$ cat query-v6.csv   # CSV, C-alpha atoms
chain,number,residue,atom,x,y,z
A,18,MET,CA,0.0,0.0,0.0
A,19,PRO,CA,1.3,3.5,-0.8
A,20,GLU,CA,2.2,5.4,2.3
A,21,ARG,CA,2.2,9.0,1.1
A,22,TRP,CA,-0.7,10.9,-0.5
A,23,SER,CA,1.5,11.8,-3.4
A,24,ASP,CA,1.8,8.1,-4.3
A,25,TYR,CA,-2.0,8.0,-4.5
A,26,VAL,CA,-2.0,11.0,-6.8
A,27,ALA,CA,0.7,9.4,-9.0
A,28,ILE,CA,-1.3,6.2,-9.2
A,29,LEU,CA,-4.5,8.1,-10.0
A,30,MET,CA,-2.8,10.2,-12.7
A,31,SER,CA,-1.2,7.1,-14.3
A,32,ALA,CA,-4.6,5.4,-14.4
A,33,LEU,CA,-6.1,8.4,-16.0
A,34,ALA,CA,-3.4,8.6,-18.5
A,35,VAL,CA,-3.8,4.9,-19.5
A,36,GLY,CA,-7.5,5.3,-19.6
A,37,TYR,CA,-7.3,8.3,-21.9
A,38,LEU,CA,-4.9,6.5,-24.1
A,39,VAL,CA,-7.2,3.5,-24.4
A,40,TYR,CA,-10.2,5.8,-25.0
A,41,GLU,CA,-8.4,7.8,-27.7
A,42,ILE,CA,-7.1,4.7,-29.5
A,43,ASP,CA,-10.6,3.2,-29.5
A,44,ARG,CA,-12.1,6.4,-30.7
A,45,ARG,CA,-9.7,6.7,-33.6
A,46,ARG,CA,-10.2,3.0,-34.5
A,47,ARG,CA,-13.9,3.4,-34.7
A,48,LYS,CA,-13.6,6.6,-36.7
A,49,LEU,CA,-11.3,4.9,-39.2
A,50,HIS,CA,-13.7,2.0,-39.5
A,51,ASP,CA,-16.5,4.5,-40.1
A,52,ILE,CA,-14.6,5.9,-43.0
A,53,PHE,CA,-13.0,2.8,-44.5
A,54,ASP,CA,-14.1,-0.7,-43.8
A,55,VAL,CA,-14.7,-4.1,-45.4
A,56,LEU,CA,-18.0,-5.2,-46.8
A,57,ASP,CA,-19.4,-8.3,-45.1
A,58,ALA,CA,-22.7,-9.9,-44.2
A,59,ASP,CA,-24.0,-6.7,-42.7
A,60,ASP,CA,-23.6,-5.0,-46.1
A,61,ALA,CA,-25.0,-7.9,-48.1
A,62,HIS,CA,-28.3,-6.2,-48.8
A,63,ILE,CA,-26.6,-3.1,-50.1
A,64,THR,CA,-24.3,-5.2,-52.3
A,65,ALA,CA,-27.2,-7.2,-53.5
A,66,GLY,CA,-29.0,-4.0,-54.4
A,67,LEU,CA,-26.1,-2.6,-56.4
A,68,GLU,CA,-25.5,-5.9,-58.2
A,69,ALA,CA,-29.2,-6.1,-59.1
A,70,MET,CA,-29.0,-2.7,-60.7
A,71,VAL,CA,-26.0,-3.9,-62.8
A,72,ALA,CA,-27.7,-7.2,-63.7
A,73,SER,CA,-30.9,-5.4,-64.8
A,74,GLY,CA,-29.0,-3.0,-66.9
A,75,GLU,CA,-30.0,0.0,-64.8
A,76,LEU,CA,-26.4,0.7,-64.2
A,77,ARG,CA,-23.8,0.6,-66.9
A,78,PRO,CA,-20.1,1.1,-66.7
A,79,TYR,CA,-19.4,4.8,-66.7
A,80,ALA,CA,-17.8,5.9,-69.9
A,81,GLY,CA,-17.5,9.6,-69.3
A,82,ALA,CA,-14.2,11.2,-68.4
A,83,THR,CA,-15.7,13.5,-65.7
A,84,LEU,CA,-18.7,13.5,-63.4
A,85,ALA,CA,-21.6,15.6,-64.5
B,10,MET,CA,-16.9,-9.1,-33.8
B,11,ALA,CA,-18.8,-12.0,-35.4
B,12,ARG,CA,-21.8,-10.9,-37.5
B,13,ALA,CA,-24.8,-13.0,-38.3
B,14,PRO,CA,-25.1,-13.8,-42.0
B,15,ARG,CA,-28.2,-12.5,-43.7
B,16,GLY,CA,-30.4,-14.5,-45.9
B,17,SER,CA,-30.4,-12.0,-48.7
B,18,GLY,CA,-26.7,-12.1,-49.0
B,19,SER,CA,-26.2,-15.7,-49.9
B,20,ALA,CA,-26.4,-15.4,-53.6
B,21,ARG,CA,-23.3,-16.1,-55.5
B,22,ARG,CA,-22.3,-14.6,-58.7
B,23,PRO,CA,-22.6,-16.9,-61.7
B,24,ARG,CA,-19.4,-18.9,-62.2
B,25,ALA,CA,-19.2,-17.9,-65.8
B,26,ARG,CA,-18.4,-14.4,-64.7
B,27,ALA,CA,-15.5,-15.3,-62.6
B,28,ALA,CA,-12.9,-12.5,-62.6
B,29,ALA,CA,-10.0,-13.4,-60.3
B,30,PRO,CA,-7.7,-14.8,-59.2
B,31,CYS,CA,-6.1,-14.6,-62.5
B,32,GLU,CA,-5.0,-18.2,-62.6
B,33,THR,CA,-8.6,-19.3,-62.6
B,34,VAL,CA,-9.3,-17.4,-65.7
B,35,ARG,CA,-6.1,-18.6,-67.4
B,36,SER,CA,-6.8,-22.2,-66.7
B,37,GLY,CA,-9.9,-22.4,-68.7
B,38,LEU,CA,-12.6,-19.8,-68.2
B,39,SER,CA,-12.8,-17.2,-70.9
B,40,ALA,CA,-12.6,-13.6,-69.7
B,41,ALA,CA,-14.3,-12.3,-72.8
B,42,PRO,CA,-17.9,-12.5,-71.7
B,43,ALA,CA,-17.1,-10.7,-68.4
B,44,ARG,CA,-15.2,-8.0,-70.2
B,45,ALA,CA,-18.0,-7.5,-72.7
B,46,LEU,CA,-20.5,-7.1,-69.9
B,47,ASP,CA,-18.6,-5.1,-67.5
B,48,ALA,CA,-16.7,-2.6,-69.5
B,49,PRO,CA,-16.3,-1.2,-73.0
B,50,THR,CA,-13.6,-3.0,-74.9
B,51,SER,CA,-11.6,0.1,-75.4
B,52,GLU,CA,-11.4,0.6,-71.7
B,53,ALA,CA,-10.6,-2.9,-70.7
B,54,SER,CA,-7.4,-2.9,-72.8
B,55,GLY,CA,-5.9,0.0,-71.0
B,56,PRO,CA,-2.5,-0.1,-69.3
B,57,ALA,CA,-2.2,-1.5,-65.8
B,58,VAL,CA,-1.1,1.0,-63.2
B,59,SER,CA,0.5,-1.2,-60.6
B,60,PRO,CA,4.0,-2.5,-61.3
B,61,GLN,CA,3.4,-6.1,-62.1
B,62,PRO,CA,5.1,-8.8,-64.2
B,63,ALA,CA,4.0,-8.9,-67.9
B,64,GLY,CA,1.8,-11.9,-67.4
B,65,LEU,CA,0.0,-10.5,-64.5
B,66,ARG,CA,-0.3,-7.1,-66.3
B,67,GLU,CA,-1.9,-8.8,-69.3
B,68,CYS,CA,-4.3,-10.6,-67.0
B,69,ALA,CA,-5.1,-7.5,-65.1
B,70,ALA,CA,-5.8,-5.6,-68.3
B,71,THR,CA,-8.4,-8.1,-69.5
B,72,THR,CA,-10.1,-9.3,-66.4
B,73,PRO,CA,-11.8,-6.9,-63.9
B,74,ARG,CA,-11.1,-7.8,-60.3
B,75,PHE,CA,-13.4,-5.2,-58.8
B,76,ARG,CA,-16.7,-3.4,-59.5
B,77,ILE,CA,-16.5,0.1,-58.3
B,78,PHE,CA,-19.7,2.0,-57.4
B,79,VAL,CA,-20.0,5.7,-56.7
B,80,ILE,CA,-23.0,6.8,-54.7
B,81,ASP,CA,-23.3,10.5,-54.4
B,82,SER,CA,-26.6,12.2,-53.7
B,83,GLY,CA,-25.0,15.6,-54.1
B,84,TRP,CA,-24.5,17.2,-50.7
B,85,ASN,CA,-22.7,20.5,-51.1
B,86,SER,CA,-19.6,19.2,-49.2
B,87,PRO,CA,-15.9,19.3,-49.7
B,88,ALA,CA,-15.8,15.6,-50.4
B,89,HIS,CA,-18.4,16.0,-53.2
B,90,LYS,CA,-16.3,18.7,-54.8
B,91,VAL,CA,-13.0,16.7,-54.5
B,92,LEU,CA,-14.6,13.7,-56.0
B,93,GLN,CA,-16.0,15.7,-58.9
B,94,GLU,CA,-12.7,17.4,-59.6
B,95,ASN,CA,-10.6,14.2,-59.4
B,96,PHE,CA,-12.9,11.6,-60.9
B,97,GLY,CA,-11.3,11.8,-64.3
B,98,LEU,CA,-7.9,10.9,-62.9
B,99,ILE,CA,-9.4,8.0,-60.9
B,100,ARG,CA,-11.1,6.8,-64.0
B,101,GLU,CA,-7.8,6.8,-65.9
B,102,LEU,CA,-6.0,5.0,-63.1
B,103,GLN,CA,-8.7,2.4,-62.7
B,104,LYS,CA,-9.3,1.6,-66.3
B,105,ASP,CA,-9.2,-2.2,-65.7
B,106,ASP,CA,-12.2,-2.2,-63.4
B,107,PRO,CA,-15.7,-1.0,-64.4
B,108,ILE,CA,-16.9,2.1,-62.5
B,109,TYR,CA,-20.6,2.4,-62.0
B,110,VAL,CA,-21.7,5.9,-61.1
B,111,LEU,CA,-25.2,6.2,-59.7
B,112,SER,CA,-27.1,9.3,-60.9
B,113,LYS,CA,-28.2,11.8,-58.4
B,114,GLU,CA,-31.7,10.4,-58.6
B,115,GLN,CA,-30.5,6.8,-58.2
B,116,SER,CA,-28.2,7.8,-55.3
B,117,ILE,CA,-31.1,9.6,-53.5
B,118,GLU,CA,-33.4,6.6,-54.0
B,119,PHE,CA,-30.6,4.3,-52.9
B,120,ILE,CA,-29.9,6.3,-49.8
B,121,ARG,CA,-33.6,6.5,-49.0
B,122,HIS,CA,-33.5,2.7,-48.6
B,123,HIS,CA,-30.3,2.8,-46.5
B,124,GLN,CA,-30.9,5.8,-44.3
B,125,GLU,CA,-28.1,5.0,-41.9
B,126,ARG,CA,-25.8,6.2,-44.7
B,127,ILE,CA,-27.3,9.6,-45.1
B,128,GLY,CA,-24.6,12.3,-44.8
B,129,ARG,CA,-21.8,9.7,-45.5
B,130,GLU,CA,-21.9,10.2,-49.2
B,131,PRO,CA,-20.1,10.3,-51.5
B,132,ILE,CA,-19.7,6.6,-50.9
B,133,ILE,CA,-17.4,4.5,-53.0
B,134,ALA,CA,-18.2,0.8,-52.7
B,135,VAL,CA,-15.8,-1.8,-54.2
B,136,HIS,CA,-17.1,-5.3,-54.8
B,137,ASP,CA,-14.3,-7.9,-54.9
B,138,LEU,CA,-15.5,-10.2,-57.7
B,139,ALA,CA,-13.0,-12.9,-56.6
B,140,ALA,CA,-14.4,-13.0,-53.1
B,141,MET,CA,-18.0,-12.9,-54.3
B,142,ASP,CA,-17.3,-15.9,-56.5
B,143,LYS,CA,-16.0,-17.8,-53.5
B,144,SER,CA,-18.5,-17.0,-50.8
B,145,GLY,CA,-21.1,-14.7,-52.3
B,146,THR,CA,-21.9,-11.8,-50.0
B,147,THR,CA,-22.2,-13.7,-46.7
B,148,ASP,CA,-18.6,-13.0,-45.8
B,149,PHE,CA,-16.0,-10.5,-46.9
B,150,HIS,CA,-16.8,-9.3,-50.4
B,151,GLY,CA,-15.2,-5.9,-50.8
B,152,PHE,CA,-14.7,-2.6,-49.0
B,153,ARG,CA,-16.1,0.9,-49.0
B,154,LEU,CA,-15.1,4.4,-48.3
B,155,HIS,CA,-17.5,6.9,-46.7
B,156,LEU,CA,-15.8,10.0,-48.2
B,157,GLY,CA,-18.6,12.3,-46.9
B,158,LEU,CA,-17.3,11.8,-43.4
B,159,LEU,CA,-14.2,13.8,-44.2
B,160,ARG,CA,-14.7,17.4,-43.4
B,161,THR,CA,-11.9,19.2,-45.3
B,162,PRO,CA,-10.8,19.0,-49.0
B,163,GLN,CA,-7.4,18.0,-47.9
B,164,GLN,CA,-8.7,15.0,-45.9
B,165,ALA,CA,-11.0,14.0,-48.7
B,166,LEU,CA,-8.3,14.2,-51.4
B,167,LEU,CA,-5.8,12.2,-49.2
B,168,ALA,CA,-8.4,9.5,-48.6
B,169,LEU,CA,-9.2,9.3,-52.3
B,170,GLN,CA,-5.6,9.1,-53.2
B,171,ASN,CA,-5.0,6.3,-50.6
B,172,PHE,CA,-8.0,4.5,-51.7
B,173,THR,CA,-7.0,4.6,-55.4
B,174,ARG,CA,-3.5,3.5,-54.5
B,175,PHE,CA,-4.9,0.6,-52.5
B,176,LEU,CA,-7.1,-0.5,-55.4
B,177,SER,CA,-4.2,-0.4,-57.8
B,178,THR,CA,-1.7,-2.2,-55.6
B,179,HIS,CA,-4.1,-4.9,-54.5
B,180,ARG,CA,-5.7,-6.0,-57.8
B,181,GLN,CA,-3.8,-9.3,-57.7
B,182,SER,CA,-4.1,-9.9,-54.0
B,183,VAL,CA,-4.9,-13.5,-53.1
B,184,ASP,CA,-6.2,-12.7,-49.7
B,185,LEU,CA,-7.5,-9.2,-49.9
B,186,GLU,CA,-9.5,-9.3,-46.6
B,187,ALA,CA,-6.3,-10.2,-44.6
B,188,GLU,CA,-4.4,-7.4,-46.3
B,189,ILE,CA,-7.1,-4.8,-45.5
B,190,ARG,CA,-7.4,-5.9,-41.9
B,191,THR,CA,-3.6,-5.7,-41.6
B,192,ASP,CA,-3.6,-2.2,-43.0
B,193,LEU,CA,-6.4,-1.2,-40.6
B,194,ARG,CA,-4.5,-2.6,-37.6
B,195,ARG,CA,-1.4,-0.8,-38.8
B,196,GLU,CA,-3.3,2.4,-39.0
B,197,GLY,CA,-4.6,1.8,-35.4
B,198,LEU,CA,-1.1,1.1,-34.2
B,199,ALA,CA,0.2,4.2,-35.9
B,200,GLY,CA,-2.6,6.2,-34.3
B,201,ALA,CA,-1.6,4.9,-30.9
B,202,ILE,CA,2.0,5.8,-31.4
B,203,GLU,CA,1.0,9.3,-32.4
B,204,ILE,CA,-1.0,9.7,-29.3
B,205,VAL,CA,1.9,8.6,-27.1
B,206,LEU,CA,4.2,11.0,-28.9
B,207,HIS,CA,1.6,13.8,-28.6
B,208,HIS,CA,1.6,14.5,-32.3
B,209,GLU,CA,-1.0,16.6,-34.1
B,210,ALA,CA,-4.2,14.9,-35.2
B,211,ARG,CA,-3.8,12.6,-38.1
B,212,GLU,CA,-4.9,13.8,-41.5
B,213,ILE,CA,-7.4,10.9,-41.8
B,214,GLY,CA,-9.5,9.8,-39.0
B,215,GLU,CA,-9.9,13.1,-37.3
$ encode --input "query-v6.csv" --output "structure tokens"
Amino acid sequence: MPERWSDYVAILMSALAVGYLVYEIDRRRRKLHDIFDVLDADDAHITAGLEAMVASGELRPYAGATLA
Amino acid sequence: MARAPRGSGSARRPRARAAAPCETVRSGLSAAPARALDAPTSEASGPAVSPQPAGLRECAATTPRFRIFVIDSGWNSPAHKVLQENFGLIRELQKDDPIYVLSKEQSIEFIRHHQERIGREPIIAVHDLAAMDKSGTTDFHGFRLHLGLLRTPQQALLALQNFTRFLSTHRQSVDLEAEIRTDLRREGLAGAIEIVLHHEAREIGE
């Protein structure tokens, strides 16, 4: 057990620092996944919708050089 | 985190439209029908961007690996402008894969059915034809970029450049999912190191 109050402060500050680090890393990880992520089963219905548009001829490969 | 498969995602692409890996096509399946369907002939014969051996380059030039979809309902955002201004270059760099651009009306209709994506457009979704041939859409089958989440033109441009580079350099990847997850882990680790070193916020992800 720490004997001085300053030890308690040091332990508390260290815990806060580690907690902040974990929080910040997790926040950035979630943000990155929001921006860029893989398509998996959760996105299957969206993929199916887009593929259906291609299969039906509703979507054709874009031949233009620029977006209108 | 494990995700439950959905019934609607179990459909596989017809085998005759197999696109990759390249060896599959070389060993017997003709790439011509896929090319005729997926992209104009003049586009499919364009030069490959990534530095590859001649054999792979030839294969890459004739066989699309990805289908790229651009969904943009037209928010007046920096990401929208950056995409408009740089689409021509992206088109040139990705000649080997067909790009499908949803019209504004199609995008709005699409987003209306997927309301959780509102405000994240422009969205670039890339379907990995090789993965879809293997397991349909019940597992990994591509990746996507929510460009609209990036708030400044610089962030959007950098993300677009990274995304295009990723597409070009991973066209021949055998295990694309593993490579993407490795890259994401690397980004996470890099972010952690930056936090420890008290650096400024990263260009992407802030």
$ atom_distance --input "query-v6.csv" --atom1 "CA of Lys104 in chain B" --atom2 "CA of Arg160 in chain B"
28.3 Å
$ closest_atom_pairs --input "query-v6.csv" --of "range 72-180 of chain B" --to "range 47-63 of chain A" --cutoff "6 Å" --atoms "all atoms listed in the file" --output "JSON lines"
{"residue": "B:Thr146", "atom": "CA", "partner": "A:Ala61", "partner_atom": "CA", "distance": 5.3}
{"residue": "B:Thr147", "atom": "CA", "partner": "A:Ala58", "partner_atom": "CA", "distance": 4.6}
{"residue": "B:Asp148", "atom": "CA", "partner": "A:Asp57", "partner_atom": "CA", "distance": 4.8}
{"residue": "B:Phe149", "atom": "CA", "partner": "A:Asp57", "partner_atom": "CA", "distance": 4.4}
{"residue": "B:His150", "atom": "CA", "partner": "A:Leu56", "partner_atom": "CA", "distance": 5.6}
{"residue": "B:Gly151", "atom": "CA", "partner": "A:Leu56", "partner_atom": "CA", "distance": 4.9}
{"residue": "B:Phe152", "atom": "CA", "partner": "A:Val55", "partner_atom": "CA", "distance": 3.9}
{"residue": "B:Arg153", "atom": "CA", "partner": "A:Phe53", "partner_atom": "CA", "distance": 5.8}
{"residue": "B:Leu154", "atom": "CA", "partner": "A:Phe53", "partner_atom": "CA", "distance": 4.6}
{"residue": "B:His155", "atom": "CA", "partner": "A:Ile52", "partner_atom": "CA", "distance": 4.8}
$ atom_distance --input "query-v6.csv" --atom1 "CA of Leu156 in chain B" --atom2 "CA of Ile80 in chain B"
10.2 Å
$ closest_residue --input "query-v6.csv" --among "B:Ser86, B:Ser182, B:Asn95, B:Thr72" --to "chain A" --atoms "all atoms listed in the file"
B:Asn95
$ residues_near_point --input "query-v6.csv" --point "(-32.7, -2.8, -55.4)" --cutoff "12 Å" --atoms "only C-alpha atoms" --output "list in words"
Ala61, His62, Ile63, Thr64, Ala65, Gly66, Leu67, Glu68, Ala69, Met70, Val71, Ala72, Ser73, Glu75 and Leu76 of chain A; Ser17, Gln115, Ser116, Glu118, Phe119, Ile120, Arg121, His122 and His123 of chain B
$ write_last_selection --input "query-v6.csv" --atoms "C-alpha atoms" --output "tab-separated table (two decimals), in the coordinates of the input"
chain	number	residue	atom	x	y	z
A	61	ALA	CA	-25.00	-7.90	-48.10
A	62	HIS	CA	-28.30	-6.20	-48.80
A	63	ILE	CA	-26.60	-3.10	-50.10
A	64	THR	CA	-24.30	-5.20	-52.30
A	65	ALA	CA	-27.20	-7.20	-53.50
A	66	GLY	CA	-29.00	-4.00	-54.40
A	67	LEU	CA	-26.10	-2.60	-56.40
A	68	GLU	CA	-25.50	-5.90	-58.20
A	69	ALA	CA	-29.20	-6.10	-59.10
A	70	MET	CA	-29.00	-2.70	-60.70
A	71	VAL	CA	-26.00	-3.90	-62.80
A	72	ALA	CA	-27.70	-7.20	-63.70
A	73	SER	CA	-30.90	-5.40	-64.80
A	75	GLU	CA	-30.00	0.00	-64.80
A	76	LEU	CA	-26.40	0.70	-64.20
B	17	SER	CA	-30.40	-12.00	-48.70
B	115	GLN	CA	-30.50	6.80	-58.20
B	116	SER	CA	-28.20	7.80	-55.30
B	118	GLU	CA	-33.40	6.60	-54.00
B	119	PHE	CA	-30.60	4.30	-52.90
B	120	ILE	CA	-29.90	6.30	-49.80
B	121	ARG	CA	-33.60	6.50	-49.00
B	122	HIS	CA	-33.50	2.70	-48.60
B	123	HIS	CA	-30.30	2.80	-46.50
$ atom_distance --input "query-v6.csv" --atom1 "CA of Ala80 in chain A" --atom2 "CA of Lys113 in chain B"
16.6 Å
$ closest_residue --input "query-v6.csv" --among "A:Arg45, A:Gly74, A:Tyr40, A:Ile28" --to "chain B" --atoms "all atoms listed in the file"
A:Arg45
$ closest_residue --input "query-v6.csv" --among "B:Gln93, B:Gln170, B:Ser177, B:Asn85" --to "chain A" --atoms "only C-alpha atoms"
B:Gln93
$ decode --input "query-v6.csv" --residues "range 55-78 of chain A" --atoms "N, CA and C atoms" --output "mmCIF file, in the first residue's frame"
data_model
loop_
_atom_site.group_PDB
_atom_site.id
_atom_site.type_symbol
_atom_site.label_atom_id
_atom_site.label_comp_id
_atom_site.auth_asym_id
_atom_site.auth_seq_id
_atom_site.Cartn_x
_atom_site.Cartn_y
_atom_site.Cartn_z
ATOM 1 N N VAL A 55 -14.361 -2.990 -44.458
ATOM 2 C CA VAL A 55 -14.669 -4.053 -45.404
ATOM 3 C C VAL A 55 -16.188 -4.214 -45.526
ATOM 4 N N LEU A 56 -16.605 -4.801 -46.621
ATOM 5 C CA LEU A 56 -18.011 -5.172 -46.801
ATOM 6 C C LEU A 56 -18.160 -6.627 -46.366
ATOM 7 N N ASP A 57 -19.113 -6.879 -45.483
ATOM 8 C CA ASP A 57 -19.350 -8.257 -45.074
ATOM 9 C C ASP A 57 -20.854 -8.513 -45.007
ATOM 10 N N ALA A 58 -21.244 -9.469 -44.201
ATOM 11 C CA ALA A 58 -22.665 -9.885 -44.193
ATOM 12 C C ALA A 58 -23.597 -8.716 -43.878
ATOM 13 N N ASP A 59 -23.148 -7.793 -43.043
ATOM 14 C CA ASP A 59 -23.997 -6.656 -42.695
ATOM 15 C C ASP A 59 -24.319 -5.769 -43.893
ATOM 16 N N ASP A 60 -23.452 -5.812 -44.884
ATOM 17 C CA ASP A 60 -23.639 -4.963 -46.065
ATOM 18 C C ASP A 60 -24.218 -5.751 -47.236
ATOM 19 N N ALA A 61 -24.596 -6.992 -46.973
ATOM 20 C CA ALA A 61 -25.015 -7.875 -48.069
ATOM 21 C C ALA A 61 -26.206 -7.301 -48.831
ATOM 22 N N HIS A 62 -27.143 -6.699 -48.101
ATOM 23 C CA HIS A 62 -28.333 -6.192 -48.790
ATOM 24 C C HIS A 62 -27.987 -5.013 -49.693
ATOM 25 N N ILE A 63 -27.013 -4.210 -49.268
ATOM 26 C CA ILE A 63 -26.590 -3.081 -50.107
ATOM 27 C C ILE A 63 -25.873 -3.598 -51.349
ATOM 28 N N THR A 64 -24.996 -4.556 -51.130
ATOM 29 C CA THR A 64 -24.285 -5.157 -52.259
ATOM 30 C C THR A 64 -25.271 -5.782 -53.238
ATOM 31 N N ALA A 65 -26.237 -6.505 -52.680
ATOM 32 C CA ALA A 65 -27.222 -7.159 -53.543
ATOM 33 C C ALA A 65 -27.999 -6.131 -54.361
ATOM 34 N N GLY A 66 -28.328 -5.011 -53.728
ATOM 35 C CA GLY A 66 -29.047 -3.958 -54.442
ATOM 36 C C GLY A 66 -28.250 -3.403 -55.606
ATOM 37 N N LEU A 67 -26.976 -3.145 -55.361
ATOM 38 C CA LEU A 67 -26.127 -2.596 -56.426
ATOM 39 C C LEU A 67 -25.919 -3.617 -57.543
ATOM 40 N N GLU A 68 -25.680 -4.859 -57.145
ATOM 41 C CA GLU A 68 -25.473 -5.906 -58.159
ATOM 42 C C GLU A 68 -26.749 -6.115 -58.985
ATOM 43 N N ALA A 69 -27.890 -5.974 -58.322
ATOM 44 C CA ALA A 69 -29.163 -6.125 -59.058
ATOM 45 C C ALA A 69 -29.323 -5.018 -60.086
ATOM 46 N N MET A 70 -28.887 -3.821 -59.724
ATOM 47 C CA MET A 70 -28.966 -2.707 -60.676
ATOM 48 C C MET A 70 -28.076 -2.961 -61.887
ATOM 49 N N VAL A 71 -26.924 -3.581 -61.636
ATOM 50 C CA VAL A 71 -26.029 -3.909 -62.753
ATOM 51 C C VAL A 71 -26.646 -5.005 -63.612
ATOM 52 N N ALA A 72 -27.155 -6.038 -62.943
ATOM 53 C CA ALA A 72 -27.713 -7.179 -63.676
ATOM 54 C C ALA A 72 -28.920 -6.770 -64.526
ATOM 55 N N SER A 73 -29.687 -5.824 -64.018
ATOM 56 C CA SER A 73 -30.892 -5.405 -64.751
ATOM 57 C C SER A 73 -30.580 -4.399 -65.857
ATOM 58 N N GLY A 74 -29.353 -3.957 -65.897
ATOM 59 C CA GLY A 74 -28.979 -2.979 -66.911
ATOM 60 C C GLY A 74 -29.271 -1.549 -66.514
ATOM 61 N N GLU A 75 -29.760 -1.387 -65.282
ATOM 62 C CA GLU A 75 -30.049 -0.041 -64.792
ATOM 63 C C GLU A 75 -28.754 0.750 -64.622
ATOM 64 N N LEU A 76 -27.706 0.044 -64.282
ATOM 65 C CA LEU A 76 -26.390 0.675 -64.163
ATOM 66 C C LEU A 76 -25.474 0.121 -65.234
ATOM 67 N N ARG A 77 -24.777 1.005 -65.920
ATOM 68 C CA ARG A 77 -23.806 0.605 -66.929
ATOM 69 C C ARG A 77 -22.449 1.174 -66.533
ATOM 70 N N PRO A 78 -21.377 0.527 -66.958
ATOM 71 C CA PRO A 78 -20.057 1.094 -66.658
ATOM 72 C C PRO A 78 -19.969 2.525 -67.164
#
